[in-house]
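Here is the file structure_28.txt (compact mmCIF, C-alpha atoms).
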# COMPACT_ATOMS: atom_id res chain seq x y z
CA MET W 1 22.35 -39.99 12.12
CA LYS W 2 22.04 -41.51 8.66
CA LEU W 3 22.47 -45.22 8.25
CA PRO W 4 25.28 -46.25 5.88
CA ARG W 5 24.06 -47.03 2.40
CA PRO W 6 24.27 -50.77 1.56
CA PRO W 7 26.85 -51.70 -1.08
CA SER W 8 25.47 -51.77 -4.59
CA ASP W 9 26.16 -55.52 -4.95
CA ILE W 10 23.90 -56.20 -1.94
CA LEU W 11 21.06 -54.14 -3.42
CA THR W 12 21.56 -55.83 -6.77
CA SER W 13 21.51 -59.29 -5.17
CA VAL W 14 18.33 -58.48 -3.23
CA LEU W 15 16.59 -57.25 -6.37
CA THR W 16 17.79 -60.25 -8.38
CA VAL W 17 16.64 -62.75 -5.76
CA PHE W 18 13.27 -60.98 -5.47
CA ILE W 19 12.73 -61.24 -9.23
CA GLY W 20 13.88 -64.87 -9.04
CA VAL W 21 11.27 -65.62 -6.37
CA LEU W 22 8.59 -64.05 -8.58
CA GLY W 23 9.82 -66.18 -11.48
CA ALA W 24 9.64 -69.34 -9.39
CA GLY W 25 6.09 -68.38 -8.37
CA PHE W 26 5.04 -67.87 -11.99
CA GLY W 27 6.70 -71.15 -12.95
CA TRP W 28 4.81 -72.98 -10.20
CA LEU W 29 1.49 -71.43 -11.29
CA LEU W 30 2.16 -72.47 -14.90
CA ASN W 31 3.16 -75.99 -13.77
CA ALA W 32 6.51 -75.61 -15.52
CA PRO W 33 9.03 -78.45 -15.14
CA ILE W 34 11.71 -77.71 -12.53
CA TYR W 35 10.00 -74.37 -11.94
CA MET W 36 12.43 -73.38 -9.18
CA LEU W 37 15.21 -73.16 -11.80
CA LEU W 38 13.42 -72.28 -15.02
CA GLY W 39 11.15 -69.56 -13.62
CA PRO W 40 13.92 -67.46 -12.06
CA ALA W 41 16.24 -68.00 -15.05
CA VAL W 42 13.65 -66.67 -17.52
CA LEU W 43 12.37 -63.73 -15.47
CA VAL W 44 15.83 -62.53 -14.39
CA SER W 45 17.01 -62.82 -18.02
CA LEU W 46 14.09 -60.66 -19.16
CA ALA W 47 14.78 -58.11 -16.43
CA GLY W 48 18.42 -57.92 -17.45
CA LEU W 49 17.53 -57.47 -21.11
CA ALA W 50 15.07 -54.73 -20.10
CA GLY W 51 17.97 -52.77 -18.59
CA ALA W 52 17.83 -53.74 -14.91
CA ARG W 53 21.16 -54.49 -13.26
CA MET W 54 21.09 -58.14 -12.24
CA GLY W 55 23.73 -60.01 -10.24
CA ILE W 56 24.38 -62.32 -7.31
CA ALA W 57 27.06 -61.46 -4.74
CA LEU W 58 29.92 -63.93 -4.48
CA SER W 59 29.17 -64.72 -0.83
CA LEU W 60 25.52 -65.53 -1.60
CA ARG W 61 26.55 -67.62 -4.58
CA ASN W 62 28.92 -69.67 -2.42
CA VAL W 63 26.25 -70.23 0.25
CA CYS W 64 23.89 -71.39 -2.51
CA PHE W 65 26.50 -73.82 -3.86
CA VAL W 66 27.27 -75.25 -0.40
CA VAL W 67 23.58 -75.95 0.25
CA ILE W 68 23.02 -77.53 -3.18
CA GLY W 69 26.23 -79.56 -2.91
CA LEU W 70 25.21 -80.98 0.47
CA SER W 71 21.72 -81.74 -0.84
CA VAL W 72 22.93 -83.41 -4.03
CA GLY W 73 25.54 -85.47 -2.17
CA ALA W 74 22.85 -86.83 0.13
CA GLY W 75 21.50 -88.79 -2.85
CA PHE W 76 24.76 -90.73 -3.19
CA ASP W 77 24.38 -94.36 -2.09
CA HIS W 78 26.05 -97.79 -2.37
CA ASN W 79 24.44 -98.42 -5.77
CA ALA W 80 26.20 -95.34 -7.12
CA VAL W 81 29.54 -96.66 -5.85
CA ASP W 82 28.97 -99.97 -7.66
CA ALA W 83 28.11 -98.13 -10.88
CA MET W 84 31.36 -96.14 -10.83
CA LEU W 85 33.24 -99.14 -12.21
CA ARG W 86 31.32 -98.75 -15.49
CA TRP W 87 31.71 -94.99 -15.88
CA PRO W 88 34.99 -94.90 -17.88
CA LEU W 89 33.03 -95.79 -21.04
CA ALA W 90 31.01 -92.59 -20.59
CA PHE W 91 34.23 -90.57 -20.22
CA VAL W 92 35.60 -91.91 -23.52
CA VAL W 93 32.39 -90.96 -25.31
CA MET W 94 32.45 -87.56 -23.60
CA ALA W 95 35.94 -86.89 -24.99
CA VAL W 96 34.72 -87.65 -28.52
CA LEU W 97 31.65 -85.45 -28.01
CA VAL W 98 33.68 -82.45 -26.85
CA TRP W 99 35.92 -82.70 -29.92
CA ALA W 100 32.92 -83.12 -32.25
CA MET W 101 31.08 -80.17 -30.69
CA LEU W 102 34.09 -77.92 -31.17
CA VAL W 103 34.77 -78.97 -34.76
CA LEU W 104 31.18 -78.95 -36.01
CA SER W 105 30.14 -75.81 -34.13
CA ARG W 106 33.20 -73.96 -35.45
CA TRP W 107 32.23 -74.94 -39.00
CA LEU W 108 28.60 -73.92 -38.40
CA LEU W 109 29.43 -70.48 -37.00
CA SER W 110 32.09 -69.80 -39.64
CA ARG W 111 29.96 -70.97 -42.55
CA PHE W 112 26.60 -69.39 -41.71
CA PHE W 113 27.12 -66.63 -39.12
CA GLY W 114 30.25 -64.80 -40.24
CA PHE W 115 32.54 -65.78 -37.37
CA ASP W 116 36.25 -66.13 -38.10
CA ARG W 117 37.70 -69.53 -37.15
CA ARG W 118 39.15 -68.42 -33.81
CA ALA W 119 36.02 -66.55 -32.67
CA ALA W 120 33.83 -69.45 -33.82
CA LEU W 121 35.89 -71.87 -31.75
CA LEU W 122 35.61 -69.69 -28.64
CA ALA W 123 31.88 -69.13 -29.13
CA SER W 124 31.26 -72.86 -29.51
CA ALA W 125 33.34 -74.06 -26.53
CA PRO W 126 31.01 -76.23 -24.40
CA GLY W 127 32.05 -74.84 -21.03
CA HIS W 128 34.76 -72.82 -19.19
CA LEU W 129 33.03 -69.51 -19.98
CA SER W 130 35.34 -67.31 -17.88
CA PHE W 131 38.40 -68.96 -19.45
CA VAL W 132 36.92 -68.57 -22.93
CA LEU W 133 36.10 -64.88 -22.46
CA ALA W 134 39.56 -64.18 -21.05
CA MET W 135 41.15 -65.75 -24.12
CA ALA W 136 38.79 -63.80 -26.38
CA ALA W 137 39.75 -60.51 -24.71
CA GLU W 138 43.45 -61.35 -24.89
CA GLY W 139 43.19 -62.22 -28.57
CA GLY W 140 41.23 -59.08 -29.52
CA ASP W 141 38.11 -61.03 -30.51
CA ASN W 142 34.54 -59.70 -30.35
CA VAL W 143 33.96 -60.49 -26.67
CA ALA W 144 30.36 -59.22 -26.63
CA ARG W 145 29.30 -61.46 -29.50
CA ILE W 146 31.10 -64.51 -28.12
CA SER W 147 29.64 -63.89 -24.65
CA THR W 148 26.10 -63.48 -26.00
CA THR W 149 26.34 -66.66 -28.08
CA GLN W 150 27.60 -68.59 -25.06
CA SER W 151 24.91 -67.13 -22.77
CA VAL W 152 22.18 -68.08 -25.22
CA ARG W 153 23.55 -71.63 -25.27
CA LEU W 154 23.58 -71.88 -21.48
CA LEU W 155 20.07 -70.49 -21.01
CA SER W 156 18.68 -72.53 -23.91
CA LEU W 157 20.06 -75.78 -22.52
CA THR W 158 18.63 -74.93 -19.10
CA LEU W 159 15.21 -74.53 -20.71
CA VAL W 160 15.41 -77.36 -23.25
CA VAL W 161 16.80 -80.26 -21.19
CA PRO W 162 13.83 -80.53 -18.77
CA PHE W 163 11.34 -80.62 -21.65
CA VAL W 164 13.41 -83.22 -23.50
CA ALA W 165 13.52 -85.31 -20.32
CA LEU W 166 9.76 -84.86 -19.93
CA ALA W 167 9.22 -86.02 -23.52
CA MET W 168 11.27 -89.13 -22.70
CA GLY W 169 8.90 -90.01 -19.91
CA VAL W 170 10.96 -88.80 -16.95
CA ASP W 171 8.83 -87.88 -13.93
CA LEU W 172 9.59 -84.24 -13.16
CA GLY W 173 7.15 -84.07 -10.30
CA GLY W 174 9.61 -85.41 -7.74
CA THR W 175 11.04 -83.48 -4.83
CA ILE W 176 14.36 -81.64 -4.97
CA VAL W 177 15.35 -83.22 -1.65
CA PRO W 178 16.17 -86.97 -1.46
CA ASP W 179 14.02 -89.16 0.77
CA GLY W 180 15.13 -89.48 4.37
CA ALA W 181 15.03 -87.92 7.81
CA VAL W 182 16.04 -84.28 8.09
CA MET W 183 19.52 -83.60 9.51
CA GLY W 184 19.80 -82.16 12.99
CA ALA W 185 21.03 -78.59 13.41
CA ILE W 186 24.39 -79.62 14.91
CA THR W 187 25.06 -82.19 12.19
CA LEU W 188 24.15 -79.65 9.52
CA ALA W 189 26.47 -77.04 11.03
CA VAL W 190 29.39 -79.48 11.17
CA MET W 191 28.74 -80.62 7.60
CA ALA W 192 28.61 -77.01 6.41
CA GLY W 193 31.93 -76.24 8.12
CA LEU W 194 33.61 -79.29 6.57
CA SER W 195 32.11 -78.38 3.20
CA VAL W 196 33.52 -74.86 3.25
CA GLY W 197 36.93 -76.25 4.18
CA ALA W 198 36.78 -78.81 1.36
CA GLY W 199 35.67 -76.11 -1.08
CA LEU W 200 38.56 -73.81 -0.14
CA LEU W 201 41.02 -76.69 -0.53
CA LEU W 202 39.66 -77.68 -3.95
CA GLY W 203 39.74 -74.03 -4.99
CA ARG W 204 43.48 -73.92 -4.32
CA ILE W 205 44.04 -76.76 -6.78
CA ARG W 206 41.69 -75.14 -9.31
CA VAL W 207 38.91 -77.74 -9.32
CA PRO W 208 35.83 -76.35 -11.16
CA ALA W 209 33.06 -74.99 -8.89
CA PRO W 210 34.92 -75.92 -5.68
CA MET W 211 32.17 -74.66 -3.38
CA LEU W 212 29.78 -77.09 -5.06
CA ILE W 213 32.07 -80.10 -5.51
CA GLY W 214 33.55 -79.84 -2.00
CA PRO W 215 30.18 -80.12 -0.24
CA MET W 216 29.12 -82.87 -2.64
CA LEU W 217 32.19 -84.92 -1.70
CA VAL W 218 31.68 -84.32 2.04
CA SER W 219 27.99 -85.19 1.85
CA SER W 220 28.42 -88.26 -0.35
CA LEU W 221 31.22 -89.70 1.81
CA THR W 222 29.27 -89.23 5.04
CA HIS W 223 26.15 -90.76 3.52
CA VAL W 224 27.85 -93.78 1.96
CA THR W 225 29.60 -94.50 5.26
CA ASP W 226 26.45 -93.70 7.31
CA ILE W 227 28.45 -91.24 9.42
CA ALA W 228 25.93 -88.45 8.92
CA PRO W 229 22.74 -89.75 7.28
CA GLY W 230 19.82 -87.48 6.64
CA VAL W 231 18.81 -84.79 4.18
CA LEU W 232 18.68 -81.00 4.23
CA PRO W 233 15.35 -79.32 5.06
CA MET W 234 13.25 -78.12 2.15
CA TRP W 235 13.18 -74.55 3.54
CA LEU W 236 16.94 -74.42 3.02
CA VAL W 237 17.23 -76.21 -0.33
CA MET W 238 14.40 -74.45 -2.20
CA PRO W 239 15.86 -70.92 -1.82
CA ALA W 240 19.25 -72.22 -2.97
CA TYR W 241 17.73 -73.57 -6.20
CA ILE W 242 15.89 -70.28 -6.77
CA VAL W 243 19.16 -68.35 -6.33
CA LEU W 244 20.85 -70.72 -8.80
CA GLY W 245 18.07 -70.13 -11.32
CA ALA W 246 18.41 -66.37 -10.86
CA MET W 247 22.17 -66.69 -11.32
CA ILE W 248 21.63 -68.29 -14.72
CA GLY W 249 19.56 -65.31 -15.81
CA THR W 250 22.16 -62.75 -14.72
CA ARG W 251 24.28 -63.59 -17.76
CA PHE W 252 22.03 -61.29 -19.81
CA SER W 253 22.43 -58.29 -17.50
CA GLY W 254 23.93 -55.44 -19.48
CA VAL W 255 23.54 -57.21 -22.83
CA ARG W 256 22.40 -54.77 -25.51
CA LEU W 257 19.50 -55.70 -27.76
CA ASP W 258 21.77 -55.36 -30.79
CA ASP W 259 24.27 -57.85 -29.32
CA LEU W 260 21.43 -60.25 -28.43
CA THR W 261 20.04 -60.08 -31.95
CA LYS W 262 23.45 -60.90 -33.42
CA GLY W 263 24.13 -63.77 -31.02
CA LEU W 264 20.66 -65.28 -30.67
CA ALA W 265 20.51 -67.29 -33.90
CA ALA W 266 24.12 -68.43 -33.52
CA GLY W 267 23.56 -69.49 -29.91
CA LEU W 268 20.37 -71.39 -30.72
CA SER W 269 22.05 -73.15 -33.64
CA VAL W 270 24.99 -74.23 -31.48
CA THR W 271 22.52 -75.41 -28.83
CA CYS W 272 20.58 -77.57 -31.30
CA LEU W 273 23.82 -79.08 -32.58
CA ALA W 274 25.06 -79.76 -29.04
CA VAL W 275 21.80 -81.43 -27.98
CA GLY W 276 21.82 -83.56 -31.13
CA LEU W 277 25.40 -84.69 -30.56
CA ALA W 278 24.72 -85.36 -26.87
CA MET W 279 21.76 -87.52 -27.87
CA VAL W 280 23.85 -89.47 -30.39
CA GLY W 281 26.53 -90.11 -27.78
CA ALA W 282 24.03 -90.91 -25.02
CA ILE W 283 22.28 -93.75 -26.86
CA PRO W 284 25.16 -96.28 -26.95
CA VAL W 285 26.26 -95.34 -23.41
CA ALA W 286 22.73 -95.83 -22.08
CA LEU W 287 22.54 -99.25 -23.72
CA ALA W 288 25.98 -100.28 -22.43
CA LEU W 289 25.48 -99.05 -18.86
CA GLY W 290 21.84 -100.03 -18.58
CA MET W 291 20.85 -96.49 -17.55
CA PRO W 292 17.87 -94.44 -18.79
CA LEU W 293 18.64 -92.43 -21.91
CA ALA W 294 17.38 -89.18 -20.35
CA HIS W 295 19.83 -89.60 -17.46
CA ILE W 296 22.80 -89.94 -19.80
CA LEU W 297 21.58 -86.96 -21.83
CA VAL W 298 21.61 -84.69 -18.76
CA ALA W 299 25.14 -85.90 -17.96
CA PHE W 300 26.29 -85.19 -21.55
CA ALA W 301 24.41 -81.91 -22.25
CA PRO W 302 26.98 -79.07 -22.26
CA GLY W 303 25.03 -76.72 -20.02
CA GLY W 304 26.26 -74.85 -16.99
CA PHE W 305 28.27 -77.09 -14.65
CA GLU W 306 26.33 -76.22 -11.49
CA THR W 307 22.98 -76.12 -13.33
CA MET W 308 23.30 -79.58 -14.86
CA ILE W 309 24.33 -81.14 -11.53
CA ALA W 310 21.38 -79.52 -9.76
CA MET W 311 19.03 -80.52 -12.57
CA GLY W 312 20.30 -84.09 -12.47
CA SER W 313 19.50 -84.20 -8.75
CA VAL W 314 15.92 -83.05 -9.38
CA LEU W 315 15.55 -85.71 -12.09
CA GLY W 316 16.74 -88.43 -9.70
CA ILE W 317 20.00 -89.11 -11.54
CA SER W 318 23.09 -90.38 -9.71
CA PRO W 319 24.77 -87.13 -8.60
CA GLY W 320 28.23 -88.65 -8.78
CA PHE W 321 27.73 -89.72 -12.38
CA VAL W 322 26.47 -86.32 -13.52
CA ALA W 323 29.22 -84.45 -11.68
CA ALA W 324 31.93 -86.80 -12.96
CA CYS W 325 30.79 -86.44 -16.59
CA HIS W 326 30.66 -82.65 -16.44
CA MET W 327 34.00 -82.40 -14.69
CA MET W 328 35.48 -84.65 -17.37
CA ARG W 329 33.99 -82.35 -20.02
CA LEU W 330 35.76 -79.35 -18.51
CA PHE W 331 39.07 -81.18 -18.11
CA ILE W 332 38.98 -82.37 -21.73
CA LEU W 333 38.07 -78.90 -22.92
CA SER W 334 40.98 -77.41 -20.96
CA ALA W 335 43.35 -79.66 -22.88
CA VAL W 336 41.76 -79.57 -26.34
CA LEU W 337 40.70 -75.92 -26.70
CA PRO W 338 44.20 -74.32 -26.47
CA LEU W 339 45.54 -76.81 -29.03
CA MET W 340 42.69 -76.08 -31.46
CA LEU W 341 43.09 -72.33 -30.93
CA ALA W 342 46.79 -72.61 -31.77
CA ARG W 343 45.93 -74.37 -35.02
CA SER W 344 43.30 -71.73 -35.81
CA ALA W 345 45.78 -68.86 -35.52
CA PRO W 346 46.49 -67.07 -38.81
CA ARG W 347 49.65 -68.22 -40.52
Before we go any further, please render this structure as structure tokens.
Amino acid sequence: MKLPRPPSDILTSVLTVFIGVLGAGFGWLLNAPIYMLLGPAVLVSLAGLAGARMGIALSLRNVCFVVIGLSVGAGFDHNAVDAMLRWPLAFVVMAVLVWAMLVLSRWLLSRFFGFDRRAALLASAPGHLSFVLAMAAEGGDNVARISTTQSVRLLSLTLVVPFVALAMGVDLGGTIVPDGAVMGAITLAVMAGLSVGAGLLLGRIRVPAPMLIGPMLVSSLTHVTDIAPGVLPMWLVMPAYIVLGAMIGTRFSGVRLDDLTKGLAAGLSVTCLAVGLAMVGAIPVALALGMPLAHILVAFAPGGFETMIAMGSVLGISPGFVAACHMMRLFILSAVLPLMLARSAPR
């Protein structure tokens, strides 16, 4: 009797994770910063561009997010709660940055790369990729070019931010797991169950990345109140980061070389502009809040929501601050982008 053939998404996920593990190994050998994210992202991207079908099944992605959310939330302490009173200043600056990124990136793509105003606005949106691509398809825009430009921005920021932080003197040799005793199996199982429930609830009210934010909230609340102290074991957290890195690289699966060539320069230009604006906005906020400049930069860099939160955790940044800033970026973008698209419509 023949065994049933595994679904194609399972085979694709296995292959993608395997390539991600190889990438993490190469990154470790090369002593790359945050190798567990950068190595898989680069190697999976190259495999996708070479024609291999790359992808991560939804169930595996959610497991990865739950583990990372619980791990990141474990770094939340009483000092982070005290600092929350000063965060509104960062949110105001974030609102200005989102508007500036949209306006200047639209001008850049229209002026030098042949985008029309609407397509340039969608290609330069600093977040909400699925929402942006849906609007592009609905409006008859060049979805492939917009998607490639956005994917280049996301991968570039994933690669650039660690090196910028390294240049600023941030120690990237720390562990991805906060200090503390490892959680017991029963505690971990209860936390995971509560996290999934919180994620499902947040998903119903359309909170971004609910399976990441839900576990972060559960973990942070239980750690601040000392109900469930402890950290996740490294053998559980490391694979989750490798899967996240591989997930970043899957954005280039199925991308044709011609589309990449057309979107590469535009994506890199938008990335440079975004990093420059994030730096300009981070300086006054860092001075006002008394926080390291590199920490504010990670919170302001318009990279992938999950990636920036995970990266902030590795860099030792307050997880609540990073998550709050990136959530605020998405909320602001949700309000501003439709209004700017309406004004960009042909008259």
Go through stretch 310-342 of chain W and flag each residue having an atom no more than 10 Å from stretch 276-299 of chain W; for those, report the closest pair of atoms plus their distance in Å to one decimal, using all atoms listed in the file, ordered by chain and rising number, as a tab-separated table.
residue	atom	partner	partner_atom	distance
W:Met311	CA	W:Val298	CA	7.9
W:Gly312	CA	W:Val298	CA	6.5
W:Leu315	CA	W:His295	CA	7.9
W:Gly316	CA	W:His295	CA	8.4
W:Ile317	CA	W:His295	CA	5.9
W:Ser318	CA	W:His295	CA	8.4
W:Pro319	CA	W:Ala299	CA	9.4
W:Phe321	CA	W:Ala299	CA	7.2
W:Val322	CA	W:Ala299	CA	4.7
W:Ala323	CA	W:Ala299	CA	7.6
W:Ala324	CA	W:Ala299	CA	8.5
W:Cys325	CA	W:Ala299	CA	5.8
W:His326	CA	W:Ala299	CA	6.6
W:Arg329	CA	W:Ala299	CA	9.8
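Considering the residues W:Leu155, W:Pro88, W:Ser124, W:Val231 and counting only C-alpha atoms, W:Met101 has its shortest atom-to-atom contact with W:Ser124.
As for atom CA of W:Ile146 and atom CA of W:Arg206, they are spaced 24.1 Å apart.
Using only C-alpha atoms, the smallest distance between any of W:Val243, W:Leu166, W:Ile309, W:Leu264 and W:Met36 comes from W:Val243.
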**Prompt:** Got a sec: who's within 12 Å of W:Leu60, counting only C-alpha atoms, leaving out chain neighbours fewer than 6 positions off, as a list in words?
**Reply:** Asp9, Ile10, Thr12, Ser13, Val14, Thr16, Val17, Val66, Val67, Met211, Pro239, Ala240, Ile242, Val243, Leu244, Ala246 and Met247 of chain W
**Message:** Can you pull out the residues contacting W:Ser220? Cut-off 7 Å, using all atoms listed in the file, and skip same-chain residues under 4 positions away; I want them as a VMD selection string.
**Reply:** chain W and resid 73 to 74 76 216 224
Once N, CA, C and O atoms are restored for stretch 249-267 of chain W, what would the output be as an mmCIF file, keeping the file's coordinate frame?
data_model
loop_
_atom_site.group_PDB
_atom_site.id
_atom_site.type_symbol
_atom_site.label_atom_id
_atom_site.label_comp_id
_atom_site.auth_asym_id
_atom_site.auth_seq_id
_atom_site.Cartn_x
_atom_site.Cartn_y
_atom_site.Cartn_z
ATOM 1 N N GLY W 249 20.111 -66.442 -15.070
ATOM 2 C CA GLY W 249 19.560 -65.310 -15.810
ATOM 3 C C GLY W 249 20.428 -64.066 -15.788
ATOM 4 O O GLY W 249 20.298 -63.200 -16.662
ATOM 5 N N THR W 250 21.332 -63.956 -14.809
ATOM 6 C CA THR W 250 22.160 -62.750 -14.720
ATOM 7 C C THR W 250 23.147 -62.613 -15.878
ATOM 8 O O THR W 250 23.715 -61.536 -16.069
ATOM 9 N N ARG W 251 23.335 -63.664 -16.633
ATOM 10 C CA ARG W 251 24.280 -63.590 -17.760
ATOM 11 C C ARG W 251 23.825 -62.571 -18.808
ATOM 12 O O ARG W 251 24.633 -62.117 -19.622
ATOM 13 N N PHE W 252 22.535 -62.229 -18.807
ATOM 14 C CA PHE W 252 22.030 -61.290 -19.810
ATOM 15 C C PHE W 252 21.948 -59.863 -19.268
ATOM 16 O O PHE W 252 21.461 -58.965 -19.957
ATOM 17 N N SER W 253 22.420 -59.644 -18.042
ATOM 18 C CA SER W 253 22.430 -58.290 -17.500
ATOM 19 C C SER W 253 23.466 -57.454 -18.243
ATOM 20 O O SER W 253 24.632 -57.838 -18.367
ATOM 21 N N GLY W 254 23.030 -56.323 -18.751
ATOM 22 C CA GLY W 254 23.930 -55.440 -19.480
ATOM 23 C C GLY W 254 24.094 -55.771 -20.947
ATOM 24 O O GLY W 254 24.801 -55.057 -21.668
ATOM 25 N N VAL W 255 23.447 -56.839 -21.413
ATOM 26 C CA VAL W 255 23.540 -57.210 -22.830
ATOM 27 C C VAL W 255 22.640 -56.281 -23.643
ATOM 28 O O VAL W 255 21.458 -56.110 -23.340
ATOM 29 N N ARG W 256 23.190 -55.656 -24.659
ATOM 30 C CA ARG W 256 22.400 -54.770 -25.510
ATOM 31 C C ARG W 256 21.550 -55.589 -26.471
ATOM 32 O O ARG W 256 21.904 -56.698 -26.849
ATOM 33 N N LEU W 257 20.413 -55.002 -26.855
ATOM 34 C CA LEU W 257 19.500 -55.700 -27.760
ATOM 35 C C LEU W 257 20.178 -56.027 -29.080
ATOM 36 O O LEU W 257 19.946 -57.090 -29.668
ATOM 37 N N ASP W 258 21.056 -55.128 -29.536
ATOM 38 C CA ASP W 258 21.770 -55.360 -30.790
ATOM 39 C C ASP W 258 22.680 -56.580 -30.682
ATOM 40 O O ASP W 258 22.737 -57.418 -31.589
ATOM 41 N N ASP W 259 23.392 -56.698 -29.539
ATOM 42 C CA ASP W 259 24.270 -57.850 -29.320
ATOM 43 C C ASP W 259 23.453 -59.141 -29.225
ATOM 44 O O ASP W 259 23.869 -60.188 -29.726
ATOM 45 N N LEU W 260 22.293 -59.067 -28.550
ATOM 46 C CA LEU W 260 21.430 -60.250 -28.430
ATOM 47 C C LEU W 260 20.940 -60.703 -29.793
ATOM 48 O O LEU W 260 20.930 -61.902 -30.092
ATOM 49 N N THR W 261 20.547 -59.741 -30.612
ATOM 50 C CA THR W 261 20.040 -60.080 -31.950
ATOM 51 C C THR W 261 21.116 -60.788 -32.775
ATOM 52 O O THR W 261 20.843 -61.766 -33.478
ATOM 53 N N LYS W 262 22.361 -60.301 -32.649
ATOM 54 C CA LYS W 262 23.450 -60.900 -33.420
ATOM 55 C C LYS W 262 23.821 -62.291 -32.900
ATOM 56 O O LYS W 262 24.248 -63.147 -33.665
ATOM 57 N N GLY W 263 23.700 -62.499 -31.595
ATOM 58 C CA GLY W 263 24.130 -63.770 -31.020
ATOM 59 C C GLY W 263 23.044 -64.805 -30.835
ATOM 60 O O GLY W 263 23.332 -65.965 -30.579
ATOM 61 N N LEU W 264 21.767 -64.370 -30.964
ATOM 62 C CA LEU W 264 20.660 -65.280 -30.670
ATOM 63 C C LEU W 264 20.614 -66.474 -31.621
ATOM 64 O O LEU W 264 20.587 -67.628 -31.187
ATOM 65 N N ALA W 265 20.607 -66.199 -32.926
ATOM 66 C CA ALA W 265 20.510 -67.290 -33.900
ATOM 67 C C ALA W 265 21.729 -68.205 -33.810
ATOM 68 O O ALA W 265 21.601 -69.436 -33.879
ATOM 69 N N ALA W 266 22.899 -67.617 -33.629
ATOM 70 C CA ALA W 266 24.120 -68.430 -33.520
ATOM 71 C C ALA W 266 24.070 -69.304 -32.270
ATOM 72 O O ALA W 266 24.393 -70.497 -32.318
ATOM 73 N N GLY W 267 23.640 -68.722 -31.149
ATOM 74 C CA GLY W 267 23.560 -69.490 -29.910
ATOM 75 C C GLY W 267 22.551 -70.618 -29.989
ATOM 76 O O GLY W 267 22.806 -71.729 -29.515
#
